[in-house]
$ cat data-v8.cif   # mmCIF, N, CA and C atoms
data_structure
#
loop_
_atom_site.label_atom_id
_atom_site.label_comp_id
_atom_site.auth_asym_id
_atom_site.auth_seq_id
_atom_site.Cartn_x
_atom_site.Cartn_y
_atom_site.Cartn_z
N MET P 1155 -13.79 -41.75 -35.35
CA MET P 1155 -12.57 -41.16 -34.85
C MET P 1155 -11.41 -41.57 -35.76
N SER P 1156 -10.63 -40.60 -36.15
CA SER P 1156 -9.48 -40.88 -37.01
C SER P 1156 -8.24 -41.10 -36.15
N TYR P 1157 -7.42 -42.07 -36.54
CA TYR P 1157 -6.20 -42.37 -35.81
C TYR P 1157 -5.03 -41.50 -36.25
N ALA P 1158 -5.20 -40.74 -37.32
CA ALA P 1158 -4.16 -39.82 -37.80
C ALA P 1158 -4.84 -38.52 -38.20
N ASP P 1159 -4.14 -37.40 -38.04
CA ASP P 1159 -4.70 -36.12 -38.46
C ASP P 1159 -3.96 -35.59 -39.68
N SER P 1160 -4.46 -34.50 -40.24
CA SER P 1160 -3.87 -33.95 -41.47
C SER P 1160 -2.43 -33.49 -41.24
N ASP P 1161 -2.12 -32.98 -40.06
CA ASP P 1161 -0.75 -32.56 -39.77
C ASP P 1161 0.20 -33.76 -39.86
N TYR P 1162 -0.18 -34.88 -39.26
CA TYR P 1162 0.64 -36.08 -39.33
C TYR P 1162 0.74 -36.59 -40.77
N TYR P 1163 -0.38 -36.59 -41.46
CA TYR P 1163 -0.44 -37.09 -42.84
C TYR P 1163 0.54 -36.33 -43.75
N TYR P 1164 0.50 -35.02 -43.67
CA TYR P 1164 1.36 -34.22 -44.56
C TYR P 1164 2.80 -34.11 -44.06
N ASN P 1165 2.99 -33.88 -42.75
CA ASN P 1165 4.33 -33.56 -42.24
C ASN P 1165 5.15 -34.76 -41.79
N GLU P 1166 4.52 -35.79 -41.24
CA GLU P 1166 5.26 -36.97 -40.79
C GLU P 1166 5.28 -38.06 -41.85
N TYR P 1167 4.10 -38.37 -42.38
CA TYR P 1167 3.99 -39.45 -43.36
C TYR P 1167 4.43 -38.99 -44.75
N GLY P 1168 4.22 -37.72 -45.06
CA GLY P 1168 4.57 -37.20 -46.39
C GLY P 1168 3.53 -37.55 -47.42
N GLY P 1169 2.27 -37.48 -47.03
CA GLY P 1169 1.17 -37.84 -47.92
C GLY P 1169 1.02 -36.90 -49.10
N SER P 1170 0.34 -37.38 -50.13
CA SER P 1170 0.13 -36.59 -51.33
C SER P 1170 -1.00 -35.59 -51.11
N GLU P 1171 -1.01 -34.55 -51.92
CA GLU P 1171 -2.08 -33.56 -51.84
C GLU P 1171 -3.40 -34.23 -52.18
N CYS P 1172 -4.40 -34.00 -51.38
CA CYS P 1172 -5.68 -34.66 -51.56
C CYS P 1172 -6.66 -33.76 -52.30
N THR P 1173 -7.44 -34.37 -53.18
CA THR P 1173 -8.47 -33.62 -53.88
C THR P 1173 -9.72 -33.48 -53.02
N GLU P 1174 -9.90 -34.39 -52.09
CA GLU P 1174 -11.03 -34.28 -51.17
C GLU P 1174 -10.52 -33.88 -49.79
N ASN P 1175 -11.40 -33.61 -48.89
CA ASN P 1175 -11.05 -33.21 -47.54
C ASN P 1175 -10.21 -34.30 -46.89
N VAL P 1176 -8.97 -33.95 -46.53
CA VAL P 1176 -8.04 -34.96 -46.00
C VAL P 1176 -8.51 -35.53 -44.67
N ASP P 1177 -9.14 -34.74 -43.82
CA ASP P 1177 -9.64 -35.26 -42.55
C ASP P 1177 -10.74 -36.30 -42.77
N ARG P 1178 -11.59 -36.05 -43.73
CA ARG P 1178 -12.65 -37.01 -44.07
C ARG P 1178 -12.03 -38.29 -44.63
N LEU P 1179 -11.02 -38.16 -45.46
CA LEU P 1179 -10.33 -39.31 -46.04
C LEU P 1179 -9.64 -40.14 -44.95
N LEU P 1180 -8.99 -39.46 -44.00
CA LEU P 1180 -8.32 -40.15 -42.90
C LEU P 1180 -9.32 -40.86 -41.99
N GLU P 1181 -10.49 -40.27 -41.83
CA GLU P 1181 -11.56 -40.88 -41.04
C GLU P 1181 -12.00 -42.19 -41.69
N ARG P 1182 -12.20 -42.14 -42.99
CA ARG P 1182 -12.61 -43.34 -43.72
C ARG P 1182 -11.52 -44.40 -43.71
N ALA P 1183 -10.28 -43.99 -43.87
CA ALA P 1183 -9.14 -44.92 -43.84
C ALA P 1183 -9.01 -45.54 -42.45
N SER P 1184 -9.29 -44.78 -41.40
CA SER P 1184 -9.26 -45.32 -40.04
C SER P 1184 -10.30 -46.42 -39.88
N GLY P 1185 -11.44 -46.24 -40.50
CA GLY P 1185 -12.48 -47.28 -40.48
C GLY P 1185 -12.02 -48.56 -41.15
N VAL P 1186 -11.28 -48.42 -42.24
CA VAL P 1186 -10.75 -49.60 -42.93
C VAL P 1186 -9.72 -50.30 -42.05
N VAL P 1187 -8.84 -49.53 -41.41
CA VAL P 1187 -7.83 -50.11 -40.51
C VAL P 1187 -8.52 -50.81 -39.35
N ASP P 1188 -9.58 -50.22 -38.81
CA ASP P 1188 -10.35 -50.86 -37.74
C ASP P 1188 -10.87 -52.22 -38.20
N MET P 1189 -11.44 -52.24 -39.40
CA MET P 1189 -11.98 -53.48 -39.93
C MET P 1189 -10.87 -54.52 -40.12
N LEU P 1190 -9.73 -54.11 -40.67
CA LEU P 1190 -8.62 -55.03 -40.90
C LEU P 1190 -8.08 -55.63 -39.61
N THR P 1191 -8.14 -54.88 -38.53
CA THR P 1191 -7.62 -55.35 -37.25
C THR P 1191 -8.70 -55.98 -36.38
N GLY P 1192 -9.85 -56.25 -36.95
CA GLY P 1192 -10.93 -56.88 -36.19
C GLY P 1192 -11.50 -55.96 -35.12
N TYR P 1193 -11.43 -54.67 -35.33
CA TYR P 1193 -11.94 -53.64 -34.40
C TYR P 1193 -11.26 -53.69 -33.04
N ARG P 1194 -10.11 -54.32 -32.98
CA ARG P 1194 -9.36 -54.42 -31.73
C ARG P 1194 -8.98 -53.04 -31.20
N ILE P 1195 -8.57 -52.15 -32.09
CA ILE P 1195 -8.09 -50.83 -31.66
C ILE P 1195 -9.23 -50.01 -31.08
N SER P 1196 -10.37 -49.96 -31.77
CA SER P 1196 -11.49 -49.17 -31.26
C SER P 1196 -12.10 -49.81 -30.01
N ARG P 1197 -12.05 -51.13 -29.94
CA ARG P 1197 -12.62 -51.84 -28.78
C ARG P 1197 -11.77 -51.62 -27.53
N GLU P 1198 -10.45 -51.76 -27.68
CA GLU P 1198 -9.56 -51.66 -26.52
C GLU P 1198 -9.03 -50.25 -26.29
N GLY P 1199 -9.06 -49.43 -27.33
CA GLY P 1199 -8.53 -48.07 -27.22
C GLY P 1199 -7.09 -48.00 -27.71
N ILE P 1200 -6.80 -47.04 -28.55
CA ILE P 1200 -5.46 -46.92 -29.12
C ILE P 1200 -4.42 -46.60 -28.04
N GLU P 1201 -4.85 -45.97 -26.97
CA GLU P 1201 -3.91 -45.63 -25.89
C GLU P 1201 -3.39 -46.87 -25.17
N ARG P 1202 -4.05 -48.01 -25.34
CA ARG P 1202 -3.59 -49.25 -24.72
C ARG P 1202 -2.51 -49.95 -25.52
N LEU P 1203 -2.30 -49.48 -26.76
CA LEU P 1203 -1.24 -50.04 -27.59
C LEU P 1203 0.10 -49.43 -27.20
N GLY P 1204 1.16 -50.13 -27.49
CA GLY P 1204 2.50 -49.58 -27.26
C GLY P 1204 2.81 -48.48 -28.26
N GLU P 1205 3.85 -47.74 -28.01
CA GLU P 1205 4.22 -46.61 -28.86
C GLU P 1205 4.47 -47.03 -30.31
N ILE P 1206 5.16 -48.15 -30.50
CA ILE P 1206 5.46 -48.63 -31.85
C ILE P 1206 4.18 -49.01 -32.58
N GLN P 1207 3.25 -49.66 -31.90
CA GLN P 1207 1.99 -50.03 -32.52
C GLN P 1207 1.12 -48.81 -32.83
N ARG P 1208 1.11 -47.82 -31.95
CA ARG P 1208 0.35 -46.59 -32.22
C ARG P 1208 0.88 -45.90 -33.47
N GLU P 1209 2.20 -45.84 -33.60
CA GLU P 1209 2.82 -45.24 -34.79
C GLU P 1209 2.47 -46.06 -36.03
N ALA P 1210 2.46 -47.38 -35.90
CA ALA P 1210 2.11 -48.25 -37.03
C ALA P 1210 0.67 -48.00 -37.48
N VAL P 1211 -0.23 -47.83 -36.54
CA VAL P 1211 -1.63 -47.56 -36.88
C VAL P 1211 -1.74 -46.26 -37.65
N LYS P 1212 -1.07 -45.22 -37.20
CA LYS P 1212 -1.10 -43.92 -37.90
C LYS P 1212 -0.57 -44.05 -39.32
N ARG P 1213 0.57 -44.74 -39.48
CA ARG P 1213 1.17 -44.91 -40.80
C ARG P 1213 0.26 -45.75 -41.71
N ALA P 1214 -0.36 -46.78 -41.15
CA ALA P 1214 -1.26 -47.61 -41.94
C ALA P 1214 -2.48 -46.82 -42.41
N VAL P 1215 -3.01 -45.97 -41.54
CA VAL P 1215 -4.14 -45.12 -41.91
C VAL P 1215 -3.74 -44.20 -43.06
N CYS P 1216 -2.57 -43.62 -42.97
CA CYS P 1216 -2.10 -42.71 -44.02
C CYS P 1216 -1.88 -43.46 -45.34
N ALA P 1217 -1.32 -44.67 -45.27
CA ALA P 1217 -1.11 -45.47 -46.47
C ALA P 1217 -2.44 -45.83 -47.12
N GLN P 1218 -3.43 -46.19 -46.30
CA GLN P 1218 -4.75 -46.51 -46.84
C GLN P 1218 -5.40 -45.26 -47.43
N ALA P 1219 -5.23 -44.12 -46.79
CA ALA P 1219 -5.78 -42.87 -47.31
C ALA P 1219 -5.14 -42.52 -48.66
N ASP P 1220 -3.84 -42.75 -48.79
CA ASP P 1220 -3.17 -42.51 -50.07
C ASP P 1220 -3.77 -43.37 -51.18
N LEU P 1221 -4.00 -44.65 -50.88
CA LEU P 1221 -4.60 -45.54 -51.87
C LEU P 1221 -6.00 -45.04 -52.25
N MET P 1222 -6.78 -44.67 -51.26
CA MET P 1222 -8.13 -44.18 -51.52
C MET P 1222 -8.10 -42.89 -52.33
N GLU P 1223 -7.14 -42.03 -52.06
CA GLU P 1223 -7.01 -40.78 -52.82
C GLU P 1223 -6.66 -41.08 -54.28
N ARG P 1224 -5.75 -42.02 -54.49
CA ARG P 1224 -5.38 -42.38 -55.88
C ARG P 1224 -6.57 -42.94 -56.64
N ARG P 1225 -7.49 -43.55 -55.92
CA ARG P 1225 -8.66 -44.15 -56.55
C ARG P 1225 -9.90 -43.27 -56.43
N ASP P 1226 -9.72 -42.03 -56.09
CA ASP P 1226 -10.85 -41.12 -55.89
C ASP P 1226 -11.83 -41.65 -54.86
N GLY P 1227 -11.28 -42.28 -53.81
CA GLY P 1227 -12.10 -42.77 -52.71
C GLY P 1227 -12.72 -44.12 -52.93
N ASP P 1228 -12.59 -44.69 -54.13
CA ASP P 1228 -13.22 -45.97 -54.44
C ASP P 1228 -12.24 -47.11 -54.22
N THR P 1229 -12.55 -48.00 -53.29
CA THR P 1229 -11.73 -49.19 -53.10
C THR P 1229 -12.58 -50.44 -53.26
N SER P 1230 -13.74 -50.29 -53.83
CA SER P 1230 -14.68 -51.40 -53.86
C SER P 1230 -14.47 -52.40 -54.98
N GLU P 1231 -13.93 -51.99 -56.11
CA GLU P 1231 -13.88 -52.88 -57.25
C GLU P 1231 -12.63 -52.63 -58.09
N PRO P 1232 -11.89 -53.69 -58.39
CA PRO P 1232 -10.72 -53.50 -59.24
C PRO P 1232 -11.13 -53.16 -60.67
N ALA P 1233 -10.25 -52.53 -61.42
CA ALA P 1233 -10.54 -52.16 -62.80
C ALA P 1233 -10.60 -53.38 -63.70
N GLU P 1234 -9.74 -54.35 -63.43
CA GLU P 1234 -9.67 -55.51 -64.30
C GLU P 1234 -9.20 -56.73 -63.52
N VAL P 1235 -9.81 -57.87 -63.80
CA VAL P 1235 -9.40 -59.13 -63.19
C VAL P 1235 -9.27 -60.17 -64.29
N THR P 1236 -8.16 -60.90 -64.29
CA THR P 1236 -7.97 -61.98 -65.25
C THR P 1236 -7.63 -63.25 -64.50
N ILE P 1237 -8.41 -64.30 -64.74
CA ILE P 1237 -8.17 -65.61 -64.16
C ILE P 1237 -8.17 -66.61 -65.32
N GLY P 1238 -7.00 -67.10 -65.64
CA GLY P 1238 -6.90 -68.00 -66.79
C GLY P 1238 -7.33 -67.29 -68.06
N ARG P 1239 -8.34 -67.84 -68.73
CA ARG P 1239 -8.84 -67.21 -69.95
C ARG P 1239 -10.00 -66.26 -69.68
N PHE P 1240 -10.48 -66.24 -68.43
CA PHE P 1240 -11.57 -65.34 -68.06
C PHE P 1240 -11.03 -63.96 -67.75
N ARG P 1241 -11.66 -62.93 -68.29
CA ARG P 1241 -11.23 -61.55 -68.04
C ARG P 1241 -12.46 -60.70 -67.74
N TYR P 1242 -12.38 -59.92 -66.67
CA TYR P 1242 -13.45 -59.01 -66.28
C TYR P 1242 -12.90 -57.60 -66.21
N VAL P 1243 -13.61 -56.65 -66.84
CA VAL P 1243 -13.25 -55.23 -66.75
C VAL P 1243 -14.46 -54.52 -66.17
N ASN P 1244 -14.21 -53.66 -65.12
CA ASN P 1244 -15.36 -53.00 -64.49
C ASN P 1244 -16.03 -52.02 -65.45
N ALA P 1245 -17.18 -51.54 -65.06
CA ALA P 1245 -17.99 -50.70 -65.95
C ALA P 1245 -17.26 -49.46 -66.42
N SER P 1246 -16.47 -48.83 -65.56
CA SER P 1246 -15.78 -47.61 -65.97
C SER P 1246 -14.56 -47.93 -66.82
N GLY P 1247 -14.03 -49.17 -66.71
CA GLY P 1247 -12.89 -49.57 -67.51
C GLY P 1247 -11.60 -48.87 -67.14
N ASN P 1248 -11.59 -48.19 -66.02
CA ASN P 1248 -10.37 -47.48 -65.60
C ASN P 1248 -9.25 -48.46 -65.32
N GLU P 1249 -8.07 -48.16 -65.82
CA GLU P 1249 -6.91 -48.97 -65.49
C GLU P 1249 -6.34 -48.46 -64.18
N ARG P 1250 -6.17 -49.33 -63.22
CA ARG P 1250 -5.63 -48.92 -61.93
C ARG P 1250 -4.33 -49.65 -61.67
N LYS P 1251 -3.41 -48.94 -61.08
CA LYS P 1251 -2.12 -49.52 -60.74
C LYS P 1251 -2.27 -50.58 -59.64
N ASP P 1252 -3.07 -50.28 -58.62
CA ASP P 1252 -3.32 -51.20 -57.51
C ASP P 1252 -4.69 -51.83 -57.70
N SER P 1253 -4.76 -53.15 -57.64
CA SER P 1253 -6.06 -53.77 -57.85
C SER P 1253 -6.73 -54.21 -56.56
N GLY P 1254 -6.03 -54.22 -55.43
CA GLY P 1254 -6.62 -54.64 -54.17
C GLY P 1254 -7.38 -53.51 -53.51
N ALA P 1255 -8.32 -53.88 -52.65
CA ALA P 1255 -9.12 -52.87 -51.95
C ALA P 1255 -8.35 -52.25 -50.79
N TYR P 1256 -7.30 -52.96 -50.33
CA TYR P 1256 -6.54 -52.47 -49.18
C TYR P 1256 -5.11 -52.20 -49.59
N SER P 1257 -4.56 -51.18 -49.01
CA SER P 1257 -3.19 -50.80 -49.30
C SER P 1257 -2.23 -51.90 -48.85
N ALA P 1258 -1.39 -52.35 -49.77
CA ALA P 1258 -0.39 -53.36 -49.42
C ALA P 1258 0.56 -52.81 -48.37
N GLU P 1259 0.86 -51.53 -48.45
CA GLU P 1259 1.73 -50.90 -47.45
C GLU P 1259 1.06 -50.92 -46.08
N ALA P 1260 -0.21 -50.59 -46.02
CA ALA P 1260 -0.94 -50.60 -44.74
C ALA P 1260 -0.98 -52.01 -44.16
N MET P 1261 -1.25 -53.00 -45.01
CA MET P 1261 -1.29 -54.38 -44.54
C MET P 1261 0.07 -54.82 -44.02
N GLY P 1262 1.14 -54.43 -44.70
CA GLY P 1262 2.48 -54.77 -44.25
C GLY P 1262 2.82 -54.14 -42.92
N ILE P 1263 2.46 -52.87 -42.76
CA ILE P 1263 2.73 -52.15 -41.51
C ILE P 1263 1.97 -52.79 -40.35
N LEU P 1264 0.69 -53.05 -40.56
CA LEU P 1264 -0.13 -53.65 -39.49
C LEU P 1264 0.33 -55.06 -39.16
N GLY P 1265 0.71 -55.82 -40.18
CA GLY P 1265 1.20 -57.18 -39.96
C GLY P 1265 2.49 -57.19 -39.16
N ALA P 1266 3.42 -56.31 -39.53
CA ALA P 1266 4.71 -56.24 -38.83
C ALA P 1266 4.53 -55.82 -37.37
N ALA P 1267 3.51 -55.03 -37.10
CA ALA P 1267 3.25 -54.57 -35.74
C ALA P 1267 2.42 -55.58 -34.94
N GLY P 1268 2.07 -56.70 -35.57
CA GLY P 1268 1.29 -57.72 -34.88
C GLY P 1268 -0.17 -57.39 -34.71
N LEU P 1269 -0.68 -56.49 -35.54
CA LEU P 1269 -2.07 -56.05 -35.38
C LEU P 1269 -3.06 -56.77 -36.29
N LEU P 1270 -2.58 -57.68 -37.13
CA LEU P 1270 -3.47 -58.42 -38.02
C LEU P 1270 -3.76 -59.82 -37.51
N TYR P 1271 -3.15 -60.20 -36.41
CA TYR P 1271 -3.32 -61.55 -35.87
C TYR P 1271 -4.77 -61.76 -35.45
N ARG P 1272 -5.38 -62.82 -35.97
CA ARG P 1272 -6.78 -63.10 -35.65
C ARG P 1272 -6.97 -64.43 -34.95
N GLY P 1273 -5.90 -64.99 -34.46
CA GLY P 1273 -5.98 -66.27 -33.76
C GLY P 1273 -6.58 -66.10 -32.38
N VAL P 1274 -6.53 -67.17 -31.65
CA VAL P 1274 -7.07 -67.17 -30.29
C VAL P 1274 -5.99 -66.68 -29.34
N GLU P 1275 -6.33 -65.72 -28.53
CA GLU P 1275 -5.40 -65.25 -27.51
C GLU P 1275 -5.59 -66.11 -26.27
N VAL P 1276 -4.51 -66.58 -25.72
CA VAL P 1276 -4.55 -67.45 -24.55
C VAL P 1276 -4.24 -66.63 -23.32
N VAL P 1277 -5.10 -66.72 -22.34
CA VAL P 1277 -4.90 -66.02 -21.08
C VAL P 1277 -4.63 -67.08 -20.02
N PHE P 1278 -3.50 -66.97 -19.38
CA PHE P 1278 -3.15 -67.92 -18.33
C PHE P 1278 -3.63 -67.37 -17.00
N TYR P 1279 -4.41 -68.17 -16.33
CA TYR P 1279 -4.91 -67.78 -15.02
C TYR P 1279 -4.53 -68.89 -14.07
N THR P 1280 -3.74 -68.57 -13.16
CA THR P 1280 -3.30 -69.59 -12.21
C THR P 1280 -3.99 -69.40 -10.87
N ASN P 1281 -4.87 -70.31 -10.61
CA ASN P 1281 -5.56 -70.34 -9.34
C ASN P 1281 -5.51 -71.80 -8.88
N PRO P 1282 -4.78 -72.09 -7.82
CA PRO P 1282 -4.60 -73.48 -7.40
C PRO P 1282 -5.91 -74.18 -7.05
N HIS P 1283 -6.93 -73.45 -6.70
CA HIS P 1283 -8.20 -74.07 -6.32
C HIS P 1283 -8.98 -74.58 -7.52
N LEU P 1284 -8.70 -74.03 -8.71
CA LEU P 1284 -9.42 -74.43 -9.91
C LEU P 1284 -9.02 -75.83 -10.35
N PHE P 1285 -7.80 -76.22 -10.14
CA PHE P 1285 -7.30 -77.48 -10.65
C PHE P 1285 -6.95 -78.46 -9.54
N GLY P 1286 -7.62 -78.37 -8.44
CA GLY P 1286 -7.44 -79.30 -7.34
C GLY P 1286 -6.16 -79.12 -6.56
N GLY P 1287 -5.57 -77.91 -6.64
CA GLY P 1287 -4.30 -77.69 -5.95
C GLY P 1287 -4.43 -77.11 -4.59
#

$ encode --input "data-v8.cif" --output "structure tokens"
Amino acid sequence: MSYADSDYYYNEYGGSECTENVDRLLERASGVVDMLTGYRISREGIERLGEIQREAVKRAVCAQADLMERRDGDTSEPAEVTIGRFRYVNASGNERKDSGAYSAEAMGILGAAGLLYRGVEVVFYTNPHLFGG
């Protein structure tokens, strides 16, 4: 299930023209957003999120789709990595502007909306009988 549709991608987000099927691209980007958020959205349902968070999810999906489109759908391997004197260039040798697998814009949007938090959620349950009350 995609969290954004082609109408939103082109008209609200202002996405770039896609060389591949935009709905398929948005579906794949939604999967990446699900993974980044620990599958919280698909587990709990997007309708359980607040309006601002739902909008953030849609924008993050579109940002990830844009990155995937720029890379022809490939987000698996950077073109070049340099660590100190060590340098690695992937087999195709393509120079890419973005070297990360995830859109920095998508990560920023999800982080600002509080959707990247992976800590322990604390649930307070007050029952006086549990604690000798």

$ atom_distance --input "data-v8.cif" --atom1 "atom C of Leu1190 (chain P)" --atom2 "atom C of Asp1226 (chain P)"
21.0 Å

$ atom_distance --input "data-v8.cif" --atom1 "CA of Asp1177 (chain P)" --atom2 "CA of Ser1160 (chain P)"
6.0 Å

$ residues_around --input "data-v8.cif" --residues "region 1205-1219 of chain P" --least-positions-apart "2" --cutoff "7 Å" --atoms "all atoms listed in the file" --output "VMD selection string"
chain P and resid 1157 to 1158 1163 1167 1169 1179 to 1180 1182 to 1184 1187 1200 1203 1221 to 1224 1256 to 1257 1259 to 1261 1263 to 1264 1267

$ atom_distance --input "data-v8.cif" --atom1 "atom C of Asn1175 (chain P)" --atom2 "CA of Gly1268 (chain P)"
28.7 Å
